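J.: Sharing upload_18.cif (mmCIF, C-alpha atoms and all ligand atoms) below.
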```cif
data_coords
loop_
_atom_site.label_atom_id
_atom_site.label_comp_id
_atom_site.auth_asym_id
_atom_site.auth_seq_id
_atom_site.Cartn_x
_atom_site.Cartn_y
_atom_site.Cartn_z
CA MET V 360 -17.99 -17.99 -14.03
CA THR V 361 -16.80 -18.23 -10.42
CA ILE V 362 -13.06 -18.69 -9.89
CA LEU V 363 -11.17 -19.50 -6.70
CA SER V 364 -7.69 -18.02 -7.11
CA ILE V 365 -4.45 -18.47 -5.19
CA GLU V 366 -1.37 -16.22 -4.96
CA THR V 367 1.76 -17.26 -3.04
CA SER V 368 4.66 -15.99 -5.16
CA CYS V 369 6.48 -14.10 -2.40
CA ASP V 370 5.53 -12.91 1.09
CA GLU V 371 1.73 -12.68 0.72
CA THR V 372 -0.55 -15.69 0.99
CA SER V 373 -3.82 -14.82 -0.68
CA VAL V 374 -6.97 -16.63 -1.77
CA ALA V 375 -9.83 -14.88 -3.58
CA ILE V 376 -13.17 -15.76 -5.03
CA ILE V 377 -14.13 -13.69 -8.05
CA GLU V 378 -17.09 -13.83 -10.36
CA GLY V 379 -16.69 -13.03 -14.03
CA GLN V 380 -19.77 -11.84 -15.93
CA ARG V 381 -19.18 -10.82 -19.56
CA ASP V 382 -16.63 -7.96 -19.46
CA LYS V 383 -16.77 -7.51 -15.68
CA VAL V 384 -15.09 -9.22 -12.75
CA TYR V 385 -16.71 -8.88 -9.33
CA LEU V 386 -14.79 -9.42 -6.13
CA ARG V 387 -16.50 -11.76 -3.64
CA SER V 388 -13.63 -12.34 -1.23
CA ASN V 389 -9.92 -11.55 -1.18
CA ILE V 390 -8.11 -12.73 1.94
CA ILE V 391 -4.45 -11.76 2.35
CA ALA V 392 -2.00 -12.90 5.04
CA THR V 393 1.51 -11.49 4.97
CA SER V 394 4.86 -12.34 6.54
CA LEU V 395 6.04 -8.75 6.00
CA THR V 396 6.74 -8.05 9.68
CA GLU V 397 9.11 -11.04 9.81
CA HIS V 398 11.02 -9.62 6.81
CA ALA V 399 11.07 -6.08 8.20
CA LYS V 400 13.35 -7.39 10.96
CA THR V 401 15.92 -8.70 8.46
CA GLY V 402 15.62 -5.79 6.01
CA GLY V 403 14.58 -8.07 3.13
CA ILE V 404 12.95 -11.37 2.29
CA ILE V 405 14.63 -14.59 3.37
CA PRO V 406 13.11 -17.27 1.08
CA GLU V 407 13.09 -19.97 3.77
CA VAL V 408 11.17 -17.68 6.16
CA ALA V 409 8.68 -16.76 3.41
CA SER V 410 8.15 -20.46 2.48
CA ARG V 411 7.44 -21.48 6.08
CA ALA V 412 4.96 -18.61 6.44
CA GLN V 413 3.19 -19.71 3.23
CA LEU V 414 2.79 -23.21 4.67
CA ARG V 415 1.38 -21.84 7.91
CA TYR V 416 -1.09 -19.51 6.20
CA ILE V 417 -2.37 -21.32 3.13
CA LEU V 418 -5.12 -23.47 4.69
CA PRO V 419 -6.49 -20.80 7.10
CA VAL V 420 -6.53 -18.24 4.25
CA LEU V 421 -8.26 -20.72 1.90
CA THR V 422 -10.84 -21.57 4.57
CA ASN V 423 -11.54 -17.89 5.31
CA ALA V 424 -11.94 -16.96 1.64
CA LEU V 425 -14.46 -19.79 1.20
CA LYS V 426 -16.29 -19.02 4.45
CA LYS V 427 -16.83 -15.40 3.46
CA VAL V 428 -18.72 -16.39 0.28
CA TYR V 429 -20.15 -19.77 1.31
CA PRO V 430 -20.71 -19.56 5.12
CA ASN V 431 -22.11 -23.11 5.32
CA TYR V 432 -19.36 -24.78 3.29
CA LYS V 433 -16.66 -26.79 5.08
CA LEU V 434 -13.45 -27.66 3.26
CA ASN V 435 -13.80 -31.32 2.15
CA LEU V 436 -13.75 -33.60 -0.89
CA ALA V 437 -17.03 -32.16 -2.20
CA PRO V 438 -16.30 -28.90 -4.08
CA PRO V 439 -17.78 -25.52 -3.23
CA PRO V 440 -19.95 -23.99 -6.00
CA ILE V 441 -17.03 -22.66 -8.08
CA ASP V 442 -16.30 -23.27 -11.78
CA ALA V 443 -12.50 -23.14 -11.85
CA ILE V 444 -9.30 -22.61 -9.89
CA ALA V 445 -6.50 -20.17 -10.79
CA VAL V 446 -2.98 -19.99 -9.42
CA THR V 447 0.19 -17.94 -9.81
CA TYR V 448 2.84 -20.30 -11.25
CA GLY V 449 5.65 -17.70 -11.62
CA PRO V 450 7.70 -15.61 -11.45
CA GLY V 451 8.55 -15.63 -7.76
CA LEU V 452 10.40 -17.55 -5.07
CA ILE V 453 10.37 -21.30 -5.66
CA GLY V 454 9.40 -22.30 -2.10
CA PRO V 455 6.44 -19.91 -1.77
CA LEU V 456 5.30 -20.63 -5.36
CA LEU V 457 5.28 -24.39 -4.75
CA ILE V 458 2.87 -24.04 -1.81
CA GLY V 459 0.25 -22.28 -3.96
CA VAL V 460 0.80 -24.40 -7.06
CA GLU V 461 0.61 -27.72 -5.22
CA THR V 462 -2.47 -26.59 -3.26
CA ALA V 463 -4.19 -25.54 -6.50
CA LYS V 464 -3.25 -28.78 -8.29
CA THR V 465 -4.57 -30.84 -5.40
CA LEU V 466 -7.86 -28.93 -5.30
CA SER V 467 -8.20 -29.18 -9.09
CA PHE V 468 -7.69 -32.96 -8.93
CA VAL V 469 -9.90 -33.61 -5.90
CA TRP V 470 -12.72 -31.30 -6.98
CA SER V 471 -12.41 -32.05 -10.74
CA LYS V 472 -12.21 -28.35 -11.63
CA PRO V 473 -10.27 -26.76 -14.52
CA LEU V 474 -7.05 -25.03 -13.49
CA PHE V 475 -5.77 -21.72 -14.91
CA PRO V 476 -2.03 -21.07 -14.45
CA VAL V 477 -1.43 -17.30 -14.25
CA ASN V 478 1.72 -15.24 -14.75
CA HIS V 479 2.03 -13.04 -11.65
CA MET V 480 3.04 -9.98 -13.70
CA LEU V 481 -0.03 -10.24 -15.94
CA GLY V 482 -2.03 -10.66 -12.75
CA HIS V 483 -0.85 -7.21 -11.60
CA ILE V 484 -2.09 -5.69 -14.87
CA TYR V 485 -5.48 -7.40 -14.49
CA ALA V 486 -6.06 -5.77 -11.09
CA ASN V 487 -7.20 -2.89 -13.33
CA PHE V 488 -10.08 -4.97 -14.73
CA ILE V 489 -11.75 -5.70 -11.38
CA ASN V 490 -15.07 -3.96 -11.20
CA HIS V 491 -14.87 -0.37 -10.06
CA GLU V 492 -17.57 1.71 -8.31
CA ASP V 493 -17.40 4.05 -11.28
CA SER V 494 -18.95 2.08 -14.17
CA SER V 495 -17.06 4.14 -16.81
CA TYR V 496 -13.81 2.84 -15.32
CA VAL V 497 -13.20 0.15 -17.95
CA PRO V 498 -9.83 0.07 -19.74
CA GLU V 499 -10.04 -0.05 -23.54
CA PHE V 500 -7.66 -1.70 -26.02
CA PRO V 501 -5.11 -1.13 -27.39
CA LEU V 502 -3.50 -0.31 -24.10
CA LEU V 503 -0.15 0.20 -22.49
CA ALA V 504 0.58 -1.42 -19.14
CA LEU V 505 3.37 -0.37 -16.81
CA VAL V 506 4.12 -3.01 -14.17
CA VAL V 507 6.16 -1.54 -11.34
CA SER V 508 6.80 -3.93 -8.47
CA GLY V 509 9.60 -5.06 -6.19
CA GLY V 510 11.13 -7.29 -8.87
CA HIS V 511 9.90 -5.80 -12.17
CA THR V 512 9.63 -2.60 -14.15
CA ASP V 513 8.04 -3.65 -17.42
CA LEU V 514 6.20 -1.87 -20.18
CA LEU V 515 3.73 -3.97 -22.19
CA TYR V 516 1.52 -3.27 -25.19
CA LEU V 517 -1.77 -5.21 -25.20
CA LYS V 518 -3.95 -5.44 -28.32
CA LYS V 519 -6.60 -7.58 -26.64
CA HIS V 520 -6.95 -9.85 -23.62
CA GLY V 521 -4.01 -12.24 -23.43
CA SER V 522 -2.27 -10.80 -26.52
CA TYR V 523 0.72 -8.71 -25.58
CA GLU V 524 4.18 -7.51 -26.54
CA VAL V 525 6.86 -6.57 -24.01
CA LEU V 526 8.25 -3.18 -25.09
CA GLY V 527 10.95 -2.94 -22.44
CA GLY V 528 12.01 -3.68 -18.92
CA THR V 529 14.66 -2.78 -16.42
CA ARG V 530 18.33 -3.42 -17.14
CA ASP V 531 19.17 -3.68 -13.44
CA ASP V 532 17.11 -2.75 -10.37
CA ALA V 533 13.32 -2.59 -10.55
CA ALA V 534 11.59 0.61 -9.39
CA GLY V 535 10.36 -1.00 -6.14
CA GLU V 536 13.80 -2.51 -5.56
CA ALA V 537 15.33 0.98 -5.95
CA PHE V 538 12.91 2.36 -3.32
CA ASP V 539 13.77 -0.55 -0.99
CA LYS V 540 17.57 -0.35 -1.46
CA ILE V 541 17.62 3.43 -1.05
CA GLY V 542 15.43 3.00 2.02
CA ARG V 543 18.07 0.71 3.49
CA LEU V 544 20.76 3.37 2.85
CA LEU V 545 18.56 5.82 4.78
CA GLY V 546 18.05 3.37 7.64
CA LEU V 547 14.37 2.74 6.84
CA SER V 548 12.69 -0.62 7.29
CA TYR V 549 11.47 -2.97 4.54
CA PRO V 550 9.53 -2.37 2.31
CA ALA V 551 10.70 1.21 2.06
CA GLY V 552 8.49 2.43 -0.82
CA PRO V 553 5.52 3.49 1.35
CA ILE V 554 7.86 5.01 3.99
CA ILE V 555 9.74 7.05 1.37
CA GLU V 556 6.38 8.27 0.04
CA LYS V 557 5.43 9.47 3.55
CA LEU V 558 8.79 11.15 4.29
CA ALA V 559 8.86 12.77 0.84
CA LYS V 560 5.82 14.84 1.79
CA LYS V 561 8.04 16.73 4.27
CA GLY V 562 11.01 16.95 1.91
CA ASN V 563 12.31 19.25 -0.79
CA PRO V 564 12.75 17.26 -4.05
CA LYS V 565 14.91 20.03 -5.54
CA ARG V 566 17.66 19.90 -2.91
CA PHE V 567 19.29 16.95 -4.71
CA ASN V 568 19.30 16.40 -8.44
CA PHE V 569 19.54 12.63 -8.75
CA PRO V 570 20.13 11.02 -12.18
CA ARG V 571 17.31 10.04 -14.55
CA PRO V 572 19.00 7.20 -16.47
CA LEU V 573 18.07 6.32 -20.07
CA LEU V 574 15.54 9.14 -20.18
CA LYS V 575 16.81 10.49 -23.47
CA GLU V 576 17.50 7.11 -25.13
CA PRO V 577 15.12 6.02 -27.88
CA ASN V 578 13.99 2.78 -26.20
CA PHE V 579 11.60 1.67 -23.49
CA GLU V 580 14.18 0.33 -21.08
CA PHE V 581 14.72 1.43 -17.51
CA SER V 582 17.69 1.47 -15.16
CA PHE V 583 17.66 2.44 -11.51
CA SER V 584 20.97 1.20 -10.12
CA GLY V 585 22.69 4.54 -10.92
CA LEU V 586 20.16 6.33 -8.77
CA LYS V 587 20.98 4.06 -5.84
CA THR V 588 24.70 4.77 -6.34
CA ALA V 589 24.06 8.53 -6.45
CA VAL V 590 22.12 8.35 -3.18
CA LEU V 591 24.90 6.28 -1.59
CA ARG V 592 27.44 8.91 -2.66
CA GLU V 593 25.28 11.66 -1.14
CA VAL V 594 24.74 9.72 2.11
CA LYS V 595 28.51 9.27 2.47
CA THR V 596 29.05 13.04 2.43
CA HIS V 597 27.04 13.36 5.68
CA LYS V 598 28.52 12.38 9.04
CA THR V 599 25.02 11.73 10.34
CA LEU V 600 21.76 11.99 8.46
CA ASP V 601 19.45 14.55 10.06
CA ASP V 602 15.69 14.14 9.61
CA GLN V 603 15.37 16.93 7.05
CA THR V 604 18.14 15.47 4.88
CA VAL V 605 16.42 12.05 4.96
CA ASN V 606 13.13 13.72 3.95
CA ASP V 607 14.84 15.65 1.14
CA ILE V 608 16.60 12.52 -0.17
CA ALA V 609 13.26 10.67 -0.03
CA ALA V 610 11.54 13.44 -2.00
CA ALA V 611 14.35 13.65 -4.59
CA THR V 612 14.38 9.84 -4.98
CA GLN V 613 10.63 9.68 -5.50
CA ALA V 614 10.83 12.55 -8.01
CA ALA V 615 13.62 10.88 -10.01
CA ILE V 616 11.83 7.49 -10.16
CA SER V 617 8.48 9.08 -11.07
CA ASP V 618 10.06 11.28 -13.71
CA VAL V 619 11.62 8.34 -15.55
CA LEU V 620 8.53 6.11 -15.29
CA VAL V 621 6.14 8.84 -16.45
CA LYS V 622 8.25 10.22 -19.33
CA LYS V 623 9.18 6.82 -20.80
CA THR V 624 5.65 5.46 -20.53
CA LEU V 625 4.02 8.53 -22.05
CA CYS V 626 6.52 8.54 -24.89
CA ALA V 627 5.39 4.97 -25.72
CA ALA V 628 1.71 5.93 -25.28
CA ALA V 629 2.01 8.78 -27.79
CA LYS V 630 3.94 6.66 -30.28
CA LEU V 631 1.46 3.77 -30.16
CA SER V 632 -1.70 5.90 -29.81
CA VAL V 633 -3.10 3.71 -27.04
CA LYS V 634 -6.58 4.29 -25.64
CA SER V 635 -5.63 3.41 -22.05
CA ILE V 636 -2.56 3.49 -19.83
CA LEU V 637 -2.64 1.01 -16.94
CA LEU V 638 -0.42 1.33 -13.89
CA SER V 639 0.04 -1.75 -11.72
CA GLY V 640 2.23 -3.40 -9.10
CA GLY V 641 3.21 -2.24 -5.61
CA VAL V 642 4.85 1.02 -6.73
CA SER V 643 1.63 2.09 -8.50
CA ALA V 644 0.18 2.64 -5.00
CA ASN V 645 2.37 5.77 -4.88
CA GLN V 646 0.09 8.81 -4.94
CA MET V 647 2.72 11.18 -6.28
CA LEU V 648 3.44 8.81 -9.19
CA ARG V 649 -0.28 8.64 -10.02
CA GLU V 650 -0.65 12.42 -9.87
CA THR V 651 2.47 13.05 -11.97
CA PHE V 652 1.12 10.65 -14.62
CA GLN V 653 -2.22 12.48 -14.80
CA SER V 654 -0.76 15.98 -14.83
CA GLU V 655 1.73 15.05 -17.55
CA ILE V 656 -1.03 13.39 -19.66
CA ASP V 657 -3.00 16.63 -19.35
CA LYS V 658 0.04 18.79 -20.12
CA GLN V 659 0.89 16.75 -23.23
CA LYS V 660 -2.83 16.70 -24.21
CA LEU V 661 -2.72 12.92 -24.73
CA SER V 662 -6.06 11.25 -25.41
CA SER V 663 -5.10 8.08 -23.47
CA LYS V 664 -7.05 7.52 -20.24
CA LEU V 665 -5.13 6.65 -17.08
CA PHE V 666 -6.08 3.66 -14.89
CA PHE V 667 -4.66 2.37 -11.63
CA PRO V 668 -6.09 -0.20 -9.21
CA PRO V 669 -7.37 0.71 -5.74
CA LYS V 670 -4.39 0.66 -3.37
CA PHE V 671 -5.26 -2.69 -1.76
CA LEU V 672 -5.08 -4.32 -5.21
CA CYS V 673 -1.69 -2.77 -6.15
CA THR V 674 0.38 -5.05 -3.91
CA ASP V 675 0.18 -8.85 -4.16
CA ASN V 676 -3.30 -10.36 -3.92
CA ALA V 677 -5.22 -13.31 -5.38
CA ALA V 678 -8.12 -11.25 -6.80
CA MET V 679 -5.89 -9.98 -9.62
CA ILE V 680 -4.90 -13.60 -10.42
CA GLY V 681 -8.56 -14.60 -10.70
CA SER V 682 -9.22 -11.58 -12.92
CA ALA V 683 -6.35 -12.49 -15.30
CA ALA V 684 -7.55 -16.12 -15.41
CA TYR V 685 -11.11 -15.05 -16.30
CA PHE V 686 -10.08 -12.70 -19.13
CA ILE V 687 -7.25 -14.80 -20.59
CA GLN V 688 -9.09 -18.17 -20.32
CA ASN V 689 -6.17 -20.52 -20.72
CA PRO V 690 -6.94 -23.66 -18.66
CA LYS V 691 -4.38 -26.46 -18.41
CA ASN V 692 -4.50 -29.96 -17.06
CA TRP V 693 -3.08 -29.98 -13.53
CA GLN V 694 -0.41 -32.50 -14.60
CA GLN V 695 1.01 -29.88 -17.03
CA ILE V 696 1.50 -27.14 -14.44
CA GLU V 697 4.78 -26.56 -12.60
CA ALA V 698 6.02 -23.63 -10.54
CA GLU V 699 8.34 -21.49 -12.70
CA PRO V 700 10.34 -19.05 -10.53
CA GLU V 701 12.11 -17.52 -13.56
CA LEU V 702 8.99 -17.22 -15.72
CA TYR V 703 9.19 -14.12 -17.91
CA TYR V 704 6.12 -13.41 -20.06
O1 LIG V 801 3.82 -5.80 -6.37
P1 LIG V 801 4.44 -5.94 -5.04
O2 LIG V 801 3.55 -6.01 -3.83
O3 LIG V 801 5.35 -7.20 -4.94
C1 LIG V 801 6.10 -7.71 -6.00
O4 LIG V 801 5.52 -8.42 -6.85
O5 LIG V 801 7.29 -7.34 -6.02
O6 LIG V 801 5.46 -4.70 -4.90
C2 LIG V 801 6.21 -4.47 -3.75
C3 LIG V 801 7.06 -3.23 -3.99
C4 LIG V 801 8.08 -2.96 -2.88
O7 LIG V 801 9.33 -2.73 -3.48
C5 LIG V 801 7.54 -1.70 -2.19
O8 LIG V 801 8.56 -0.89 -1.64
C6 LIG V 801 6.84 -1.01 -3.33
O9 LIG V 801 6.23 -2.06 -4.08
N1 LIG V 801 5.78 -0.08 -2.87
C7 LIG V 801 5.82 1.25 -3.05
C8 LIG V 801 4.66 1.77 -2.42
N2 LIG V 801 3.94 0.73 -1.90
C9 LIG V 801 4.65 -0.40 -2.19
N3 LIG V 801 6.73 2.03 -3.65
C10 LIG V 801 6.50 3.36 -3.65
N4 LIG V 801 5.43 3.94 -3.06
C11 LIG V 801 4.48 3.20 -2.45
N5 LIG V 801 3.43 3.77 -1.88
ZN ZN V 802 3.72 -8.65 -7.24
#
```
Show me this structure written as structure tokens.
T.:
Amino acid sequence: MTILSIETSCDETSVAIIEGQRDKVYLRSNIIATSLTEHAKTGGIIPEVASRAQLRYILPVLTNALKKVYPNYKLNLAPPPIDAIAVTYGPGLIGPLLIGVETAKTLSFVWSKPLFPVNHMLGHIYANFINHEDSSYVPEFPLLALVVSGGHTDLLYLKKHGSYEVLGGTRDDAAGEAFDKIGRLLGLSYPAGPIIEKLAKKGNPKRFNFPRPLLKEPNFEFSFSGLKTAVLREVKTHKTLDDQTVNDIAAATQAAISDVLVKKTLCAAAKLSVKSILLSGGVSANQMLRETFQSEIDKQKLSSKLFFPPKFLCTDNAAMIGSAAYFIQNPKNWQQIEAEPELYY
């Protein structure tokens, strides 16, 4: 089954073509345009700016994704050789979401193709099911999925494709949001996660002992706003922030966030005896987080196998949306689909 998928929930405009064959999804094209540089100037995303960028990018990105797989096809009323269309319908910013959803509905109507609405957060998880060079890299159920992005920190238990239970989420800031807000306190540009990761390599994580909220509580909830407050308090004690202090704060921040994510997730993994642990979302691109997960799994002698997507599939992309659509198989009539910015699970 060949699926053309569309992702426009925030500041990336992406169209992919994936091919599902039995338990494998193969990536044929995955074009991504981003308005990130426009948001870096303002230190965060302005919805109006993101919506206008989506409008500018959607048709060129769609055309490029099609051209890569079908070089002789020209966008018109006759469909390309695909079987279905998939689109992110939430959660996200209403303006950006509408561009993708309305494009997908139009294509579904004009080309008479089934349409799969996909929850963006499940999409992140399904980036782990896109075919890997290593053929043994196939997650097995039951599994635990940690979604760590700019807006979410969620822990889900999946018994099989499309069947899941949310074990917990964040009470306040998401992990990515904590990286971004702390980055702003340190004078870094947006998004700060990858910059903090780079600076942390030159820093001493032990110089500051930032809080690890809810670590000892018997639940699977997260909270990162206290960490941000602790960093703010520390920053205020310095007249000016020298480079080494910024590096040390970056390293201590990354250590505190990783510590909470790893310990809480592995506690759930042990309790539920899952076969696989899947990391996903922008923050799962963090190398130190990945390494801490693996070393702690080894230390605790857990039998669960760790999975994370290649870095280019951790942040927003349409390939993961196509993958979720293929495995969940929940088509809807285009008239029934609306953008849902507040969609949960
Ligand atoms: O999944 P994503 O692309 O967008 C949302 O759906 O939110 O995640 C973006 C988030 C940002 O907060 C960014 O700072 C964070 O992921 N991020 C990272 C890294 N790369 C991206 N955080 C820590 N380390 C990274 N390497
Ligand atoms: Zn995302």
J.: As an mmCIF file with C-alpha atoms, keeping the file's coordinate frame, please: the residues near Asp493 (chain V) (cut-off 12 Å, only C-alpha atoms, same-chain neighbours under 4 positions excluded).
T.:
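As a result, around25.cif now contains:
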```
data_model
loop_
_atom_site.group_PDB
_atom_site.id
_atom_site.type_symbol
_atom_site.label_atom_id
_atom_site.label_comp_id
_atom_site.auth_asym_id
_atom_site.auth_seq_id
_atom_site.Cartn_x
_atom_site.Cartn_y
_atom_site.Cartn_z
ATOM 1 C CA ILE V 489 -11.750 -5.700 -11.380
ATOM 2 C CA VAL V 497 -13.200 0.150 -17.950
ATOM 3 C CA PHE V 666 -6.080 3.660 -14.890
ATOM 4 C CA PRO V 669 -7.370 0.710 -5.740
#
```
J.: Neighbouring residues of ligand LIG 801 (chain V) are defined here as those with any atom at most 8 Å from a ligand atom, counting all atoms listed in the file; list them as a ChimeraX atom specification.
T.: /V:368-369,451,479-480,483,507-511,534-539,549-556,613,639-646,673-675
J.: Store the residues picked out above, limited to C-alpha atoms, as a PDB file, keeping the file's coordinate frame.
T.:
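Dumped everything to selection23.pdb:
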```pdb
ATOM      1  CA  SER V 368       4.660 -15.990  -5.160  1.00  0.00           C
ATOM      2  CA  CYS V 369       6.480 -14.100  -2.400  1.00  0.00           C
ATOM      3  CA  GLY V 451       8.550 -15.630  -7.760  1.00  0.00           C
ATOM      4  CA  HIS V 479       2.030 -13.040 -11.650  1.00  0.00           C
ATOM      5  CA  MET V 480       3.040  -9.980 -13.700  1.00  0.00           C
ATOM      6  CA  HIS V 483      -0.850  -7.210 -11.600  1.00  0.00           C
ATOM      7  CA  VAL V 507       6.160  -1.540 -11.340  1.00  0.00           C
ATOM      8  CA  SER V 508       6.800  -3.930  -8.470  1.00  0.00           C
ATOM      9  CA  GLY V 509       9.600  -5.060  -6.190  1.00  0.00           C
ATOM     10  CA  GLY V 510      11.130  -7.290  -8.870  1.00  0.00           C
ATOM     11  CA  HIS V 511       9.900  -5.800 -12.170  1.00  0.00           C
ATOM     12  CA  ALA V 534      11.590   0.610  -9.390  1.00  0.00           C
ATOM     13  CA  GLY V 535      10.360  -1.000  -6.140  1.00  0.00           C
ATOM     14  CA  GLU V 536      13.800  -2.510  -5.560  1.00  0.00           C
ATOM     15  CA  ALA V 537      15.330   0.980  -5.950  1.00  0.00           C
ATOM     16  CA  PHE V 538      12.910   2.360  -3.320  1.00  0.00           C
ATOM     17  CA  ASP V 539      13.770  -0.550  -0.990  1.00  0.00           C
ATOM     18  CA  TYR V 549      11.470  -2.970   4.540  1.00  0.00           C
ATOM     19  CA  PRO V 550       9.530  -2.370   2.310  1.00  0.00           C
ATOM     20  CA  ALA V 551      10.700   1.210   2.060  1.00  0.00           C
ATOM     21  CA  GLY V 552       8.490   2.430  -0.820  1.00  0.00           C
ATOM     22  CA  PRO V 553       5.520   3.490   1.350  1.00  0.00           C
ATOM     23  CA  ILE V 554       7.860   5.010   3.990  1.00  0.00           C
ATOM     24  CA  ILE V 555       9.740   7.050   1.370  1.00  0.00           C
ATOM     25  CA  GLU V 556       6.380   8.270   0.040  1.00  0.00           C
ATOM     26  CA  GLN V 613      10.630   9.680  -5.500  1.00  0.00           C
ATOM     27  CA  SER V 639       0.040  -1.750 -11.720  1.00  0.00           C
ATOM     28  CA  GLY V 640       2.230  -3.400  -9.100  1.00  0.00           C
ATOM     29  CA  GLY V 641       3.210  -2.240  -5.610  1.00  0.00           C
ATOM     30  CA  VAL V 642       4.850   1.020  -6.730  1.00  0.00           C
ATOM     31  CA  SER V 643       1.630   2.090  -8.500  1.00  0.00           C
ATOM     32  CA  ALA V 644       0.180   2.640  -5.000  1.00  0.00           C
ATOM     33  CA  ASN V 645       2.370   5.770  -4.880  1.00  0.00           C
ATOM     34  CA  GLN V 646       0.090   8.810  -4.940  1.00  0.00           C
ATOM     35  CA  CYS V 673      -1.690  -2.770  -6.150  1.00  0.00           C
ATOM     36  CA  THR V 674       0.380  -5.050  -3.910  1.00  0.00           C
ATOM     37  CA  ASP V 675       0.180  -8.850  -4.160  1.00  0.00           C
TER      38      ASP V 675
END
```
J.: So which residues touch Val590 (chain V) within 12 Å, counting only C-alpha atoms, skipping near sequence neighbours fewer than 5 positions away, as an NGL selection string?
T.: :V and (537-538 or 540-545 or 567-570 or 583-585 or 595-597 or 604-605 or 607-613 or 615)
J.: To one decimal place in Å, what is the distance between CA of Asp657 (chain V) and CA of Ala628 (chain V)?
T.: 13.1 Å
J.: Which one of V:Val633, V:Leu526, V:Leu625, V:Ala677 sits closest to ligand ZN 802 (chain V) if you count all atoms listed in the file?
T.: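 The answer is V:Ala677, which sits nearest to ligand ZN 802 (chain V).
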J.: Can you work out the spacing between CA of Thr462 (chain V) and CA of Arg381 (chain V) in Å, to one decimal?
T.: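 According to the coordinates, CA of Thr462 (chain V) and CA of Arg381 (chain V) are separated by 28.2 Å.
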J.: Emit as lines of an AutoDock Vina configuration file the padded axis-aligned box for all listed atoms of region 378-390 of chain V, 3 Å per side, with centre and edge lengths in Å to one decimal.
T.:
```
center_x = -13.9
center_y = -10.7
center_z = -8.8
size_x = 17.7
size_y = 12.3
size_z = 27.5
```
J.: Using all atoms listed in the file, which residues sit within 9 Å of Tyr685 (chain V) once same-chain residues fewer than 4 positions away are excluded, as a ChimeraX atom specification?
T.: /V:360-362,377-379,384,445,475,680-681,689
J.: Atoms are missing here; could region 519-529 of chain V be completed with N, CA, C and O atoms and written as a PDB file, in the frame of the given file?
T.:
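This went into rebuild04.pdb:
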```pdb
ATOM      1  N   LYS V 519      -5.347  -7.040 -27.188  1.00  0.00           N
ATOM      2  CA  LYS V 519      -6.600  -7.580 -26.640  1.00  0.00           C
ATOM      3  C   LYS V 519      -6.231  -8.466 -25.458  1.00  0.00           C
ATOM      4  O   LYS V 519      -5.041  -8.676 -25.192  1.00  0.00           O
ATOM      5  N   HIS V 520      -7.239  -9.017 -24.777  1.00  0.00           N
ATOM      6  CA  HIS V 520      -6.950  -9.850 -23.620  1.00  0.00           C
ATOM      7  C   HIS V 520      -6.001 -10.995 -23.998  1.00  0.00           C
ATOM      8  O   HIS V 520      -6.247 -11.709 -24.968  1.00  0.00           O
ATOM      9  N   GLY V 521      -4.928 -11.124 -23.240  1.00  0.00           N
ATOM     10  CA  GLY V 521      -4.010 -12.240 -23.430  1.00  0.00           C
ATOM     11  C   GLY V 521      -3.040 -12.079 -24.597  1.00  0.00           C
ATOM     12  O   GLY V 521      -2.153 -12.907 -24.785  1.00  0.00           O
ATOM     13  N   SER V 522      -3.170 -10.998 -25.381  1.00  0.00           N
ATOM     14  CA  SER V 522      -2.270 -10.800 -26.520  1.00  0.00           C
ATOM     15  C   SER V 522      -1.394  -9.579 -26.236  1.00  0.00           C
ATOM     16  O   SER V 522      -1.883  -8.454 -26.192  1.00  0.00           O
ATOM     17  N   TYR V 523      -0.115  -9.820 -26.014  1.00  0.00           N
ATOM     18  CA  TYR V 523       0.720  -8.710 -25.580  1.00  0.00           C
ATOM     19  C   TYR V 523       2.137  -8.791 -26.137  1.00  0.00           C
ATOM     20  O   TYR V 523       2.598  -9.841 -26.573  1.00  0.00           O
ATOM     21  N   GLU V 524       2.784  -7.625 -26.105  1.00  0.00           N
ATOM     22  CA  GLU V 524       4.180  -7.510 -26.540  1.00  0.00           C
ATOM     23  C   GLU V 524       4.920  -6.757 -25.430  1.00  0.00           C
ATOM     24  O   GLU V 524       4.415  -5.737 -24.958  1.00  0.00           O
ATOM     25  N   VAL V 525       6.077  -7.285 -25.024  1.00  0.00           N
ATOM     26  CA  VAL V 525       6.860  -6.570 -24.010  1.00  0.00           C
ATOM     27  C   VAL V 525       7.711  -5.531 -24.728  1.00  0.00           C
ATOM     28  O   VAL V 525       8.524  -5.862 -25.578  1.00  0.00           O
ATOM     29  N   LEU V 526       7.503  -4.244 -24.412  1.00  0.00           N
ATOM     30  CA  LEU V 526       8.250  -3.180 -25.090  1.00  0.00           C
ATOM     31  C   LEU V 526       9.605  -2.940 -24.436  1.00  0.00           C
ATOM     32  O   LEU V 526      10.549  -2.526 -25.089  1.00  0.00           O
ATOM     33  N   GLY V 527       9.678  -3.178 -23.140  1.00  0.00           N
ATOM     34  CA  GLY V 527      10.950  -2.940 -22.440  1.00  0.00           C
ATOM     35  C   GLY V 527      10.831  -3.295 -20.979  1.00  0.00           C
ATOM     36  O   GLY V 527       9.729  -3.497 -20.458  1.00  0.00           O
ATOM     37  N   GLY V 528      11.983  -3.357 -20.346  1.00  0.00           N
ATOM     38  CA  GLY V 528      12.010  -3.680 -18.920  1.00  0.00           C
ATOM     39  C   GLY V 528      13.218  -3.024 -18.292  1.00  0.00           C
ATOM     40  O   GLY V 528      13.876  -2.189 -18.920  1.00  0.00           O
ATOM     41  N   THR V 529      13.521  -3.405 -17.075  1.00  0.00           N
ATOM     42  CA  THR V 529      14.660  -2.780 -16.420  1.00  0.00           C
ATOM     43  C   THR V 529      15.943  -3.542 -16.723  1.00  0.00           C
ATOM     44  O   THR V 529      15.937  -4.760 -16.838  1.00  0.00           O
TER      45      THR V 529
END
```
